[in-house]
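Undergrad: Contents of input-v9.cif (mmCIF, C-alpha atoms) are given next:
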data_protein
loop_
_atom_site.label_atom_id
_atom_site.label_comp_id
_atom_site.auth_asym_id
_atom_site.auth_seq_id
_atom_site.Cartn_x
_atom_site.Cartn_y
_atom_site.Cartn_z
CA ASP A 6 29.11 -46.37 -66.36
CA LYS A 7 26.36 -47.13 -68.87
CA VAL A 8 28.80 -46.97 -71.80
CA ALA A 9 30.91 -49.81 -70.35
CA VAL A 10 27.81 -51.81 -69.39
CA ASN A 11 26.24 -51.41 -72.85
CA ASP A 12 29.48 -52.41 -74.59
CA ALA A 13 29.82 -55.51 -72.38
CA ALA A 14 26.14 -56.37 -72.92
CA LYS A 15 26.65 -56.35 -76.70
CA ARG A 16 29.68 -58.63 -76.38
CA ALA A 17 27.63 -61.00 -74.20
CA GLY A 18 24.82 -61.17 -76.76
CA LEU A 19 22.28 -59.21 -74.72
CA GLY A 20 19.82 -56.96 -76.51
CA LEU A 21 19.66 -53.22 -75.83
CA PRO A 22 17.07 -50.60 -76.76
CA PRO A 23 18.15 -48.32 -79.60
CA SER A 24 20.17 -45.46 -78.05
CA VAL A 25 21.39 -42.04 -79.13
CA ARG A 26 24.19 -40.39 -77.12
CA VAL A 27 23.40 -36.71 -76.47
CA ASN A 28 24.97 -33.83 -74.56
CA GLY A 29 24.09 -30.18 -73.99
CA GLY A 30 21.85 -28.23 -76.30
CA THR A 31 19.68 -29.96 -78.83
CA PRO A 32 20.88 -33.24 -80.31
CA ALA A 33 21.65 -33.18 -84.03
CA VAL A 34 19.53 -36.28 -84.64
CA GLU A 35 15.85 -36.98 -84.94
CA ILE A 36 14.45 -38.57 -81.81
CA PRO A 37 11.08 -40.34 -81.84
CA TYR A 38 8.90 -39.41 -78.87
CA PRO A 39 7.93 -40.53 -76.33
CA ALA A 40 11.46 -41.28 -75.16
CA VAL A 41 13.58 -41.44 -72.01
CA LEU A 42 16.82 -39.66 -71.18
CA LYS A 43 19.29 -41.65 -69.08
CA PRO A 44 22.44 -40.14 -67.57
CA VAL A 45 25.72 -41.90 -68.42
CA ARG A 46 26.18 -42.48 -64.69
CA SER A 47 23.45 -42.65 -62.06
CA GLU A 48 25.58 -40.89 -59.45
CA HIS A 49 27.63 -37.71 -59.89
CA ARG A 50 30.23 -36.30 -57.52
CA GLU A 51 29.71 -32.53 -57.15
CA PRO A 52 32.69 -30.14 -56.83
CA ASP A 53 31.96 -29.84 -53.08
CA GLY A 54 32.23 -33.64 -52.72
CA ALA A 55 28.49 -34.28 -52.39
CA LEU A 56 27.11 -37.27 -54.27
CA ARG A 57 24.03 -36.48 -56.38
CA HIS A 58 21.67 -39.11 -57.81
CA LEU A 59 20.69 -38.52 -61.45
CA ASP A 60 17.25 -39.74 -62.52
CA VAL A 61 15.92 -41.11 -65.78
CA HIS A 62 13.57 -38.58 -67.39
CA PRO A 63 10.52 -39.46 -69.48
CA LEU A 64 10.26 -37.14 -72.51
CA THR A 65 7.39 -36.21 -74.78
CA ASN A 66 9.08 -33.50 -76.86
CA GLU A 67 12.32 -31.64 -77.67
CA ASP A 68 11.70 -28.90 -75.06
CA GLU A 69 11.58 -31.53 -72.31
CA LEU A 70 14.77 -33.07 -73.70
CA ARG A 71 16.57 -29.70 -73.63
CA ALA A 72 15.42 -29.04 -70.05
CA ALA A 73 16.47 -32.51 -68.86
CA LEU A 74 19.85 -32.22 -70.61
CA SER A 75 20.51 -28.91 -68.84
CA ARG A 76 20.31 -30.76 -65.51
CA LEU A 77 22.92 -33.38 -66.47
CA PRO A 78 26.59 -32.76 -65.66
CA ASP A 79 27.67 -34.46 -68.89
CA SER A 80 26.13 -36.59 -71.60
CA GLY A 81 23.26 -39.05 -71.60
CA PHE A 82 21.41 -41.56 -73.73
CA VAL A 83 18.02 -41.10 -75.33
CA GLN A 84 16.05 -44.28 -75.87
CA PRO A 85 12.53 -44.90 -77.09
CA TYR A 86 9.95 -45.21 -74.34
CA LEU A 87 8.97 -48.86 -74.61
CA ARG A 88 5.61 -49.90 -73.20
CA ALA A 89 6.77 -53.40 -72.41
CA PRO A 90 6.74 -55.74 -69.42
CA MET A 91 9.79 -55.63 -67.13
CA ARG A 92 11.67 -58.63 -65.86
CA THR A 93 14.71 -58.71 -63.63
CA LEU A 94 17.59 -61.03 -62.99
CA ASN A 95 19.06 -60.66 -59.50
CA GLY A 96 21.87 -62.58 -57.95
CA VAL A 97 25.48 -62.89 -56.91
CA MET A 98 28.48 -63.09 -59.22
CA TRP A 99 31.80 -64.18 -57.78
CA GLU A 100 35.16 -64.57 -59.55
CA GLY A 101 33.57 -65.14 -62.95
CA ASP A 102 30.81 -67.48 -61.78
CA LEU A 103 27.12 -66.81 -61.37
CA VAL A 104 26.63 -68.38 -57.93
CA ALA A 105 23.01 -67.39 -57.25
CA ALA A 106 20.18 -66.07 -59.39
CA VAL A 107 16.49 -65.28 -59.05
CA HIS A 108 14.22 -64.18 -61.89
CA GLN A 109 11.26 -61.83 -61.43
CA TRP A 110 8.44 -60.30 -63.44
CA ALA A 111 7.52 -56.77 -62.45
CA ASP A 112 3.90 -56.28 -61.52
CA ARG A 113 4.12 -52.55 -60.69
CA SER A 114 6.61 -49.69 -60.77
CA TRP A 115 6.57 -46.17 -59.32
CA PRO A 116 6.12 -43.74 -60.83
CA PRO A 117 4.17 -45.90 -63.28
CA GLU A 118 5.40 -44.18 -66.47
CA CYS A 119 9.14 -44.44 -65.76
CA GLY A 120 9.90 -45.70 -62.31
CA VAL A 121 11.53 -48.31 -60.15
CA LEU A 122 10.24 -51.78 -59.43
CA LEU A 123 7.59 -51.65 -56.72
CA ALA A 124 6.14 -55.17 -56.73
CA ALA A 125 7.33 -58.33 -58.46
CA ARG A 126 6.90 -62.08 -58.45
CA THR A 127 9.50 -64.80 -58.78
CA VAL A 128 9.30 -66.76 -62.04
CA PRO A 129 11.11 -69.81 -63.46
CA ALA A 130 14.68 -69.24 -64.58
CA ASP A 131 15.57 -68.35 -68.16
CA ARG A 132 18.90 -70.20 -68.45
CA GLU A 133 19.90 -68.51 -71.72
CA LEU A 134 19.36 -65.09 -70.15
CA GLU A 135 21.45 -66.22 -67.17
CA ARG A 136 24.25 -67.39 -69.48
CA ARG A 137 24.37 -64.07 -71.32
CA ALA A 138 24.07 -62.05 -68.09
CA ALA A 139 26.96 -64.03 -66.60
CA GLY A 140 29.00 -63.12 -69.69
CA LEU A 141 28.21 -59.44 -69.17
CA LEU A 142 29.15 -59.54 -65.49
CA ALA A 143 32.34 -61.54 -66.10
CA ASP A 144 33.36 -59.04 -68.80
CA LEU A 145 32.93 -56.23 -66.23
CA ALA A 146 34.90 -58.29 -63.65
CA TRP A 147 31.90 -57.84 -61.36
CA ASN A 148 31.94 -59.48 -57.90
CA GLY A 149 28.96 -59.22 -55.58
CA MET A 150 25.23 -58.70 -55.70
CA PHE A 151 23.55 -57.36 -58.82
CA ASN A 152 20.19 -56.48 -60.32
CA LEU A 153 19.73 -56.47 -64.09
CA GLN A 154 16.51 -54.97 -65.48
CA PHE A 155 15.09 -55.89 -68.87
CA LEU A 156 12.10 -54.78 -70.90
CA LEU A 157 10.54 -57.53 -72.99
CA ASP A 158 10.13 -56.05 -76.46
CA ASP A 159 8.32 -58.59 -78.66
CA GLY A 160 9.57 -61.27 -76.28
CA GLU A 161 13.24 -60.21 -76.53
CA PRO A 162 14.79 -59.07 -73.23
CA LEU A 163 16.45 -55.68 -73.71
CA LEU A 164 18.82 -54.61 -70.92
CA ILE A 165 17.80 -51.23 -69.52
CA ASP A 166 19.68 -51.06 -66.22
CA PHE A 167 22.41 -52.62 -64.09
CA ASN A 168 22.27 -51.99 -60.35
CA PRO A 169 25.17 -53.05 -58.11
CA ARG A 170 22.78 -54.02 -55.33
CA PRO A 171 19.65 -56.13 -54.75
CA TYR A 172 16.32 -54.65 -55.72
#
Kindly return the structure encoded in the file as structure tokens.
TA:
Amino acid sequence: DKVAVNDAAKRAGLGLPPSVRVNGGTPAVEIPYPAVLKPVRSEHREPDGALRHLDVHPLTNEDELRAALSRLPDSGFVQPYLRAPMRTLNGVMWEGDLVAAVHQWADRSWPPECGVLLAARTVPADRELERRAAGLLADLAWNGMFNLQFLLDDGEPLLIDFNPRPY
């Protein structure tokens, strides 16, 4: 639930890209393009019980936004498309403690314009980022493996995704 994650990230002092919540039709706000549309949840349970994965959509104009919105079961977030390096924080959180962490810089993603991490390298730990990430995960009462993805916008890590699994 990206709403809960974003709220917890703010409380933990983590940066987020500017976001506009949208649903059906054309949003009543001006959106700078290029942008991305993210579903509120990455997985959606269909009426027949099937689980459907919902992708992030790169957008270059309002027509693409309308088309992408029509494929979402509910609302989403529009964020600016940031051409920025990606870093990740992966690890294990258990009963309020960050018990293991590894930091990575992304070298490649697929598809290149708006995709998943394809190749990365381990880098030295950013302890302040770890502290804030642990606050986010503790706030969510998260136990288990995690992957947090950040874009570095002018050096500031902005949280763009939380995955409840290793990447």
Undergrad: CA of Lys43 in chain A and CA of Arg76 in chain A are how many Å apart?
TA: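 We find that CA of Lys43 in chain A and CA of Arg76 in chain A lie 11.5 Å from each other.
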Undergrad: Go through A:Glu100, A:Asn28, A:Pro162, A:Phe167 one by one, measure the shortest atom-to-atom distance of each to Ala73 in chain A using only C-alpha atoms, and give the residue with the smallest value.
TA: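 Using only C-alpha atoms, the shortest distance to Ala73 in chain A belongs to A:Asn28.
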Undergrad: Expressed in Å to a single decimal, how great is the separation between CA of Asp102 in chain A and CA of Asp166 in chain A?
TA: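 Distance reported for this atom pair: 20.3 Å.
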Undergrad: On this structure, the PyMOL selection byres ((chain A and resi 150) around 12) would catch which residues? List them as a PDB file with C-alpha atoms, keeping the file's coordinate frame, sorted by chain and number.
TA:
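So the final result, stored in result_6.pdb, reads:
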ATOM      1  CA  LEU A  94      17.590 -61.030 -62.990  1.00  0.00           C
ATOM      2  CA  ASN A  95      19.060 -60.660 -59.500  1.00  0.00           C
ATOM      3  CA  GLY A  96      21.870 -62.580 -57.950  1.00  0.00           C
ATOM      4  CA  VAL A  97      25.480 -62.890 -56.910  1.00  0.00           C
ATOM      5  CA  MET A  98      28.480 -63.090 -59.220  1.00  0.00           C
ATOM      6  CA  TRP A  99      31.800 -64.180 -57.780  1.00  0.00           C
ATOM      7  CA  LEU A 103      27.120 -66.810 -61.370  1.00  0.00           C
ATOM      8  CA  VAL A 104      26.630 -68.380 -57.930  1.00  0.00           C
ATOM      9  CA  ALA A 105      23.010 -67.390 -57.250  1.00  0.00           C
ATOM     10  CA  ALA A 106      20.180 -66.070 -59.390  1.00  0.00           C
ATOM     11  CA  VAL A 107      16.490 -65.280 -59.050  1.00  0.00           C
ATOM     12  CA  LEU A 142      29.150 -59.540 -65.490  1.00  0.00           C
ATOM     13  CA  TRP A 147      31.900 -57.840 -61.360  1.00  0.00           C
ATOM     14  CA  ASN A 148      31.940 -59.480 -57.900  1.00  0.00           C
ATOM     15  CA  GLY A 149      28.960 -59.220 -55.580  1.00  0.00           C
ATOM     16  CA  PHE A 151      23.550 -57.360 -58.820  1.00  0.00           C
ATOM     17  CA  ASN A 152      20.190 -56.480 -60.320  1.00  0.00           C
ATOM     18  CA  LEU A 153      19.730 -56.470 -64.090  1.00  0.00           C
ATOM     19  CA  PHE A 167      22.410 -52.620 -64.090  1.00  0.00           C
ATOM     20  CA  ASN A 168      22.270 -51.990 -60.350  1.00  0.00           C
ATOM     21  CA  PRO A 169      25.170 -53.050 -58.110  1.00  0.00           C
ATOM     22  CA  ARG A 170      22.780 -54.020 -55.330  1.00  0.00           C
ATOM     23  CA  PRO A 171      19.650 -56.130 -54.750  1.00  0.00           C
ATOM     24  CA  TYR A 172      16.320 -54.650 -55.720  1.00  0.00           C
TER      25      TYR A 172
END
Undergrad: Give me, as a PDB file with C-alpha atoms, keeping the file's coordinate frame, all polymer residues having an atom no more than 10 Å from Asp158 in chain A, counting all atoms listed in the file and skipping those fewer than 4 positions away in the same chain.
TA:
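What ended up in around_1.pdb:
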ATOM      1  CA  GLY A  20      19.820 -56.960 -76.510  1.00  0.00           C
ATOM      2  CA  LEU A  21      19.660 -53.220 -75.830  1.00  0.00           C
ATOM      3  CA  PRO A  22      17.070 -50.600 -76.760  1.00  0.00           C
ATOM      4  CA  LEU A  87       8.970 -48.860 -74.610  1.00  0.00           C
ATOM      5  CA  ARG A  88       5.610 -49.900 -73.200  1.00  0.00           C
ATOM      6  CA  ALA A  89       6.770 -53.400 -72.410  1.00  0.00           C
ATOM      7  CA  PRO A  90       6.740 -55.740 -69.420  1.00  0.00           C
ATOM      8  CA  MET A  91       9.790 -55.630 -67.130  1.00  0.00           C
ATOM      9  CA  PRO A 162      14.790 -59.070 -73.230  1.00  0.00           C
ATOM     10  CA  LEU A 163      16.450 -55.680 -73.710  1.00  0.00           C
TER      11      LEU A 163
END
Undergrad: In Å, with one decimal, what is the gap from CA of Leu145 in chain A to CA of Ser47 in chain A?
TA: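 The value is 17.1 Å.
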